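File shown: entry-v7.txt. Contents: compact mmCIF, C-alpha atoms.
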```
# COMPACT_ATOMS: atom_id res chain seq x y z
CA MET A 803 -82.40 -20.26 -5.53
CA PRO A 804 -80.57 -22.09 -8.37
CA ARG A 805 -80.00 -20.07 -11.54
CA GLN A 806 -82.00 -22.56 -13.60
CA GLN A 807 -85.06 -22.10 -11.38
CA GLN A 808 -84.74 -18.31 -11.56
CA GLN A 809 -84.78 -18.41 -15.36
CA ALA A 810 -87.78 -20.73 -15.42
CA ALA A 811 -89.74 -18.32 -13.21
CA ARG A 812 -89.50 -15.44 -15.70
CA PRO A 813 -92.90 -14.62 -17.26
CA VAL A 814 -93.43 -15.46 -20.92
CA ARG A 815 -93.77 -12.38 -23.10
CA ARG A 816 -97.37 -11.83 -24.18
CA ARG A 817 -97.87 -12.08 -27.92
CA SER A 818 -101.61 -11.50 -28.15
CA TYR A 819 -103.80 -8.46 -27.68
CA ASP A 820 -106.44 -10.84 -26.29
CA GLN A 821 -109.19 -8.96 -28.09
CA PHE A 822 -112.06 -10.61 -29.98
CA CYS A 823 -111.47 -8.42 -33.02
CA ALA A 824 -110.31 -9.42 -36.51
CA ALA A 825 -107.82 -6.52 -36.72
CA ALA A 826 -106.34 -7.43 -33.33
CA ARG A 827 -106.06 -11.09 -34.33
CA ALA A 828 -104.28 -10.09 -37.54
CA LEU A 829 -101.83 -7.92 -35.60
CA ASP A 830 -101.15 -10.85 -33.28
CA SER A 831 -99.52 -12.47 -36.35
CA VAL A 832 -98.06 -9.57 -38.32
CA GLY A 833 -97.90 -6.64 -35.90
CA ASP A 834 -94.32 -7.17 -34.79
CA ARG A 835 -91.60 -4.98 -36.31
CA TRP A 836 -90.11 -6.48 -39.51
CA THR A 837 -92.78 -9.15 -40.08
CA LEU A 838 -94.60 -7.41 -42.94
CA LEU A 839 -91.30 -6.48 -44.57
CA ILE A 840 -90.29 -10.14 -44.50
CA VAL A 841 -93.61 -10.89 -46.22
CA ARG A 842 -92.74 -8.24 -48.83
CA GLU A 843 -89.49 -10.05 -49.56
CA LEU A 844 -91.09 -13.50 -49.73
CA LEU A 845 -93.84 -12.34 -52.10
CA ALA A 846 -91.06 -12.36 -54.70
CA GLY A 847 -90.49 -16.08 -54.16
CA PRO A 848 -88.59 -18.47 -51.87
CA ARG A 849 -85.48 -16.99 -50.26
CA ARG A 850 -82.55 -18.19 -48.22
CA TYR A 851 -82.00 -16.74 -44.77
CA THR A 852 -78.81 -14.98 -45.91
CA ASP A 853 -80.62 -13.36 -48.85
CA LEU A 854 -83.40 -12.13 -46.59
CA HIS A 855 -80.87 -10.64 -44.19
CA ALA A 856 -79.08 -8.89 -47.06
CA ASP A 857 -82.28 -7.29 -48.37
CA LEU A 858 -83.58 -6.21 -44.95
CA PRO A 859 -80.93 -3.66 -43.93
CA GLY A 860 -81.08 -2.91 -40.23
CA VAL A 861 -82.56 -6.18 -38.99
CA SER A 862 -80.40 -8.18 -36.59
CA THR A 863 -79.81 -11.88 -37.17
CA ASP A 864 -81.56 -12.73 -33.89
CA VAL A 865 -84.67 -10.71 -34.73
CA LEU A 866 -84.88 -12.11 -38.25
CA ALA A 867 -84.59 -15.68 -36.99
CA SER A 868 -87.24 -14.98 -34.34
CA ARG A 869 -89.68 -13.42 -36.83
CA LEU A 870 -89.27 -16.30 -39.28
CA LYS A 871 -89.95 -18.79 -36.50
CA ASP A 872 -93.06 -16.84 -35.49
CA MET A 873 -94.24 -16.79 -39.11
CA GLU A 874 -93.84 -20.55 -39.34
CA GLN A 875 -95.82 -21.04 -36.13
CA SER A 876 -98.55 -18.70 -37.40
CA GLY A 877 -98.85 -20.57 -40.69
CA LEU A 878 -97.60 -17.64 -42.77
CA ALA A 879 -94.38 -19.24 -44.02
CA VAL A 880 -92.67 -22.60 -44.29
CA ARG A 881 -89.05 -23.66 -44.50
CA ARG A 882 -88.03 -26.32 -46.99
CA ARG A 883 -84.88 -27.84 -48.42
CA LEU A 884 -84.11 -27.30 -52.09
CA PRO A 885 -83.13 -30.42 -54.05
CA PRO A 886 -79.52 -30.93 -55.23
CA PRO A 887 -77.43 -29.33 -56.55
CA ALA A 888 -78.74 -26.33 -54.58
CA ALA A 889 -79.00 -28.22 -51.26
CA ALA A 890 -80.02 -25.05 -49.42
CA SER A 891 -82.91 -24.22 -47.12
CA VAL A 892 -85.35 -21.52 -48.18
CA TYR A 893 -88.35 -19.81 -46.65
CA GLU A 894 -91.54 -19.31 -48.64
CA LEU A 895 -95.02 -18.02 -47.97
CA THR A 896 -98.03 -20.25 -47.49
CA GLY A 897 -101.34 -19.41 -49.12
CA ARG A 898 -102.28 -17.50 -45.99
CA GLY A 899 -99.03 -15.56 -46.16
CA ARG A 900 -99.57 -14.71 -49.84
CA GLY A 901 -103.01 -13.43 -48.85
CA LEU A 902 -101.22 -10.44 -47.31
CA LEU A 903 -100.52 -9.00 -50.78
CA PRO A 904 -103.56 -6.67 -50.77
CA VAL A 905 -102.66 -5.58 -47.22
CA LEU A 906 -99.12 -4.63 -48.23
CA ALA A 907 -100.34 -2.98 -51.44
CA ALA A 908 -102.79 -0.82 -49.48
CA LEU A 909 -100.12 0.00 -46.89
CA ALA A 910 -97.68 0.99 -49.66
CA GLU A 911 -100.31 3.20 -51.29
CA TRP A 912 -101.05 4.87 -47.96
CA GLY A 913 -97.35 5.44 -47.27
CA ALA A 914 -96.42 6.66 -50.76
CA PRO A 915 -96.88 10.39 -49.98
CA ALA A 916 -94.12 10.09 -47.37
CA LEU A 917 -91.61 9.25 -50.13
CA ASP A 918 -91.24 12.85 -51.27
CA GLU A 919 -87.46 12.61 -51.10
CA ARG A 920 -84.89 9.93 -50.43
CA ARG A 921 -82.95 10.46 -47.21
CA PRO A 922 -79.16 9.87 -47.19
CA THR A 923 -79.67 7.00 -44.75
CA ASP A 924 -82.37 5.28 -46.83
CA ALA A 925 -81.51 1.86 -48.24
CA VAL A 926 -83.14 0.96 -51.55
CA ARG A 927 -83.68 -2.20 -53.57
CA ALA A 928 -85.19 -2.27 -57.04
CA HIS A 929 -87.89 -4.82 -56.20
CA TRP A 930 -89.28 -2.54 -53.48
CA PHE A 931 -90.90 -0.59 -56.35
CA ALA A 932 -92.87 -3.63 -57.47
CA LEU A 933 -95.91 -2.92 -55.28
CA PRO A 934 -96.64 0.59 -56.64
CA LEU A 935 -96.02 -0.62 -60.19
CA LEU A 936 -98.42 -3.54 -59.73
CA ARG A 937 -101.14 -1.06 -58.84
CA ALA A 938 -100.40 0.96 -61.98
CA LEU A 939 -100.57 -2.15 -64.19
CA GLU A 940 -103.85 -3.45 -62.77
CA GLY A 941 -105.95 -2.11 -65.62
CA LEU A 942 -104.08 -3.91 -68.40
CA THR A 943 -106.15 -6.40 -70.39
CA HIS A 944 -103.38 -8.81 -71.33
CA ALA A 945 -101.62 -11.01 -68.80
CA GLY A 946 -97.90 -11.60 -68.92
CA VAL A 947 -94.50 -10.98 -67.38
CA VAL A 948 -93.09 -7.46 -67.45
CA GLU A 949 -89.35 -7.09 -66.90
CA VAL A 950 -88.65 -3.72 -65.27
CA HIS A 951 -85.36 -1.82 -65.55
CA LEU A 952 -84.60 0.96 -63.05
CA ASP A 953 -81.32 2.70 -62.28
CA GLU A 954 -81.49 0.83 -58.95
CA GLY A 955 -81.65 -2.59 -60.64
CA GLU A 956 -84.09 -4.99 -62.27
CA PHE A 957 -87.15 -6.93 -61.21
CA HIS A 958 -90.21 -8.40 -62.90
CA VAL A 959 -93.93 -8.38 -62.25
CA ARG A 960 -96.94 -10.31 -63.55
CA THR A 961 -99.84 -8.41 -65.07
CA GLY A 962 -103.36 -9.75 -64.91
CA ARG A 963 -103.12 -10.29 -61.16
CA GLY A 964 -102.45 -7.04 -59.37
CA PRO A 965 -103.04 -6.27 -55.69
CA GLY A 966 -106.79 -6.52 -56.16
CA ALA A 967 -106.56 -10.05 -57.55
CA GLY A 968 -106.53 -13.30 -55.64
CA SER A 969 -103.55 -14.24 -53.54
CA GLU A 970 -102.54 -17.16 -55.75
CA ARG A 971 -102.23 -18.00 -59.42
CA ARG A 972 -100.84 -21.29 -60.60
CA ALA A 973 -98.78 -22.15 -63.67
CA ALA A 974 -99.59 -25.05 -65.96
CA ASP A 975 -97.42 -27.37 -63.85
CA GLY A 976 -99.38 -26.50 -60.71
CA GLU A 977 -96.64 -24.36 -59.14
CA VAL A 978 -97.71 -21.09 -57.52
CA GLU A 979 -96.58 -18.12 -59.61
CA ASP A 980 -94.90 -15.30 -57.73
CA VAL A 981 -96.48 -11.86 -57.90
CA TYR A 982 -93.10 -10.29 -58.61
CA GLY A 983 -89.53 -11.46 -58.63
CA TYR A 984 -85.94 -10.37 -58.24
CA GLY A 985 -83.79 -9.57 -61.24
CA PRO A 986 -84.53 -10.25 -64.92
CA ALA A 987 -87.37 -12.58 -65.86
CA GLU A 988 -86.56 -15.93 -67.44
CA ARG A 989 -89.00 -15.37 -70.31
CA PRO A 990 -90.44 -11.85 -70.20
CA ASP A 991 -93.31 -10.88 -72.48
CA VAL A 992 -92.13 -7.29 -72.53
CA ARG A 993 -89.34 -5.13 -71.08
CA ILE A 994 -89.84 -1.60 -69.83
CA ALA A 995 -87.38 1.02 -68.59
CA LEU A 996 -88.29 3.94 -66.33
CA ASP A 997 -87.02 5.70 -63.22
CA ALA A 998 -87.97 5.11 -59.61
CA GLU A 999 -89.59 8.53 -59.21
CA LEU A 1000 -91.98 7.78 -62.08
CA CYS A 1001 -92.66 4.34 -60.65
CA LEU A 1002 -93.82 5.95 -57.40
CA ALA A 1003 -95.88 8.55 -59.26
CA LEU A 1004 -97.64 5.78 -61.18
CA GLY A 1005 -98.45 4.03 -57.92
CA ARG A 1006 -99.91 7.26 -56.52
CA GLY A 1007 -102.14 7.58 -59.58
CA GLU A 1008 -100.51 10.82 -60.74
CA ALA A 1009 -100.12 9.36 -64.23
CA THR A 1010 -101.00 6.18 -66.07
CA VAL A 1011 -98.60 3.73 -67.66
CA LEU A 1012 -100.04 4.41 -71.11
CA GLU A 1013 -99.59 8.17 -70.66
CA ALA A 1014 -95.99 7.69 -69.54
CA VAL A 1015 -95.27 5.46 -72.53
CA ALA A 1016 -96.86 7.96 -74.91
CA ASP A 1017 -94.78 10.89 -73.63
CA GLY A 1018 -91.55 8.89 -73.69
CA ARG A 1019 -91.00 8.47 -69.95
CA ILE A 1020 -91.31 4.68 -70.26
CA GLU A 1021 -89.41 2.76 -72.92
CA VAL A 1022 -91.13 -0.42 -74.11
CA VAL A 1023 -89.21 -3.25 -75.79
CA GLY A 1024 -90.93 -6.37 -77.07
CA GLU A 1025 -93.57 -7.79 -79.36
CA GLY A 1026 -96.89 -9.48 -78.74
CA PRO A 1027 -100.24 -8.35 -77.33
CA LEU A 1028 -98.96 -7.09 -73.97
CA ALA A 1029 -96.26 -4.94 -75.58
CA ALA A 1030 -98.79 -3.63 -78.10
CA GLU A 1031 -101.22 -2.71 -75.32
CA LEU A 1032 -98.52 -0.84 -73.43
CA ARG A 1033 -97.73 1.13 -76.59
CA GLY A 1034 -101.42 1.93 -77.02
CA GLU A 1035 -101.62 0.08 -80.31
```
Could you write out this file's structure as structure tokens?
Amino acid sequence: MPRQQQQAARPVRRRSYDQFCAAARALDSVGDRWTLLIVRELLAGPRRYTDLHADLPGVSTDVLASRLKDMEQSGLAVRRRLPPPAAASVYELTGRGRGLLPVLAALAEWGAPALDERRPTDAVRAHWFALPLLRALEGLTHAGVVEVHLDEGEFHVRTGRGPGAGSERRAADGEVEDVYGYGPAERPDVRIALDAELCLALGRGEATVLEAVADGRIEVVGEGPLAAELRGE
């Protein structure tokens, strides 16, 4: 038999549990290894393929490309071309993809007790601490952008729309605002400095942000209502 015919005869890998169950249907889309971690990265905003690969240590290029293609087919992500001078392609979440924020937040909360110590082989990125910090900031009254400084790096989060909030919030120009982002914020309302261990403890509910500010474990820099609320003023 010709080689081409032999290849065509191979069965297609099943990608569905074929169960009339909402959880099973969800896992049809996000149950593969790496998919939810790609969502975690894209919740911070559009990203190039090379940036995704750099911040997902351990994923092969073939698997990453396959997962991104699956996410496009499932309506979780889209690929688009940035206008000049960038002229690069980026991946970004759709509204359905952004709807996975509460799922990831709950998963991070459930998994937090397993982070009792960092293993020598563990990779780390500063923005991976955004999810537990979002949970800790949920109770704040004032909305705004908080720039976060850790020893591991910087990221920023938006208050007033934590994991329990809707999956989208739009800026005045109609653009979808990211839940958190990489690096310093363009125009932060307040800057805070803390360590990663405290960030995880806040996410586990072992302390509140206001308590940590009061006892000096969080440094707050900035003016305005959000900074005043964080200082307990």
Interatomic distance (Å, one decimal) between CA of Arg960 (chain A) and CA of Val947 (chain A)
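Separation between CA of Arg960 (chain A) and CA of Val947 (chain A): 4.6 Å.
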From CA of Asp924 (chain A) to CA of Gly985 (chain A) the spacing works out at 20.7 Å
With all atoms listed in the file as the basis for distance, which of A:Asp997, A:Asp853, A:Glu956, A:Glu911 is at the shortest distance from Tyr984 (chain A)?
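Closest residue, counting all atoms listed in the file: A:Glu956.
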For Ile994 (chain A): contacts at 9 Å, only C-alpha atoms, fewer than 3 positions along chain excluded, given as a list of chain:residue names
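Result of the neighbour search: A:Val948, A:Glu949, A:Val950, A:His951, A:Leu952, A:Ile1020, A:Glu1021, A:Val1022, A:Val1023, A:Gly1024.
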Give me, please, the distance in Å between CA of Ala914 (chain A) and CA of Leu996 (chain A), quoted to one decimal.
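Between CA of Ala914 (chain A) and CA of Leu996 (chain A) the gap works out to 17.8 Å.
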Nearest residue to Ala846 (chain A) out of A:Asp991, A:Thr943, A:Leu933, A:Glu1035, using all atoms listed in the file?
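Among the listed residues, the smallest separation from Ala846 (chain A) belongs to A:Leu933.
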Do you know which residues are at most 8 Å from Tyr851 (chain A) counting all atoms listed in the file, after dropping those on the same chain fewer than 3 positions away, and could you put them as a PyMOL selection string?
chain A and resi 854-855+891-893
Suppose we keep C-alpha atoms; can you now write the selection as a PDB file, keeping the file's coordinate frame?
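The new file part_38.pdb reads:
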```pdb
ATOM      1  CA  LEU A 854     -83.400 -12.130 -46.590  1.00  0.00           C
ATOM      2  CA  HIS A 855     -80.870 -10.640 -44.190  1.00  0.00           C
ATOM      3  CA  SER A 891     -82.910 -24.220 -47.120  1.00  0.00           C
ATOM      4  CA  VAL A 892     -85.350 -21.520 -48.180  1.00  0.00           C
ATOM      5  CA  TYR A 893     -88.350 -19.810 -46.650  1.00  0.00           C
TER       6      TYR A 893
END
```
Find the spatial neighbours of Asp830 (chain A), counting only C-alpha atoms, within a cut-off of 10 Å - ignore same-chain residues fewer than 5 positions away - and output them as a PyMOL selection string.
chain A and resi 816-821+824-825+876
Top pick for closest residue to Arg882 (chain A), considering A:Leu909, A:Arg869, A:Arg849, A:Thr837 and counting all atoms listed in the file
A:Arg849
All residues 12 Å or closer to Arg1019 (chain A), all atoms listed in the file, same chain fewer than 5 positions away omitted, as a ChimeraX atom specification
/A:994-1001,1003-1004,1009-1014,1033
From A:Pro922, A:Gly941, A:Gly983, A:Gly1018, residue lying nearest Val959 (chain A) [all atoms listed in the file]:
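Closest residue, counting all atoms listed in the file: A:Gly983.
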If we count all atoms listed in the file, what is near Leu845 (chain A) at a cut-off of 12 Å, once residues fewer than 6 positions away on the same chain are taken out, given as a VMD selection string?
chain A and resid 838 to 839 854 878 to 879 893 to 904 906 to 907 929 to 930 932 to 933 959 965 969 to 970 978 to 984
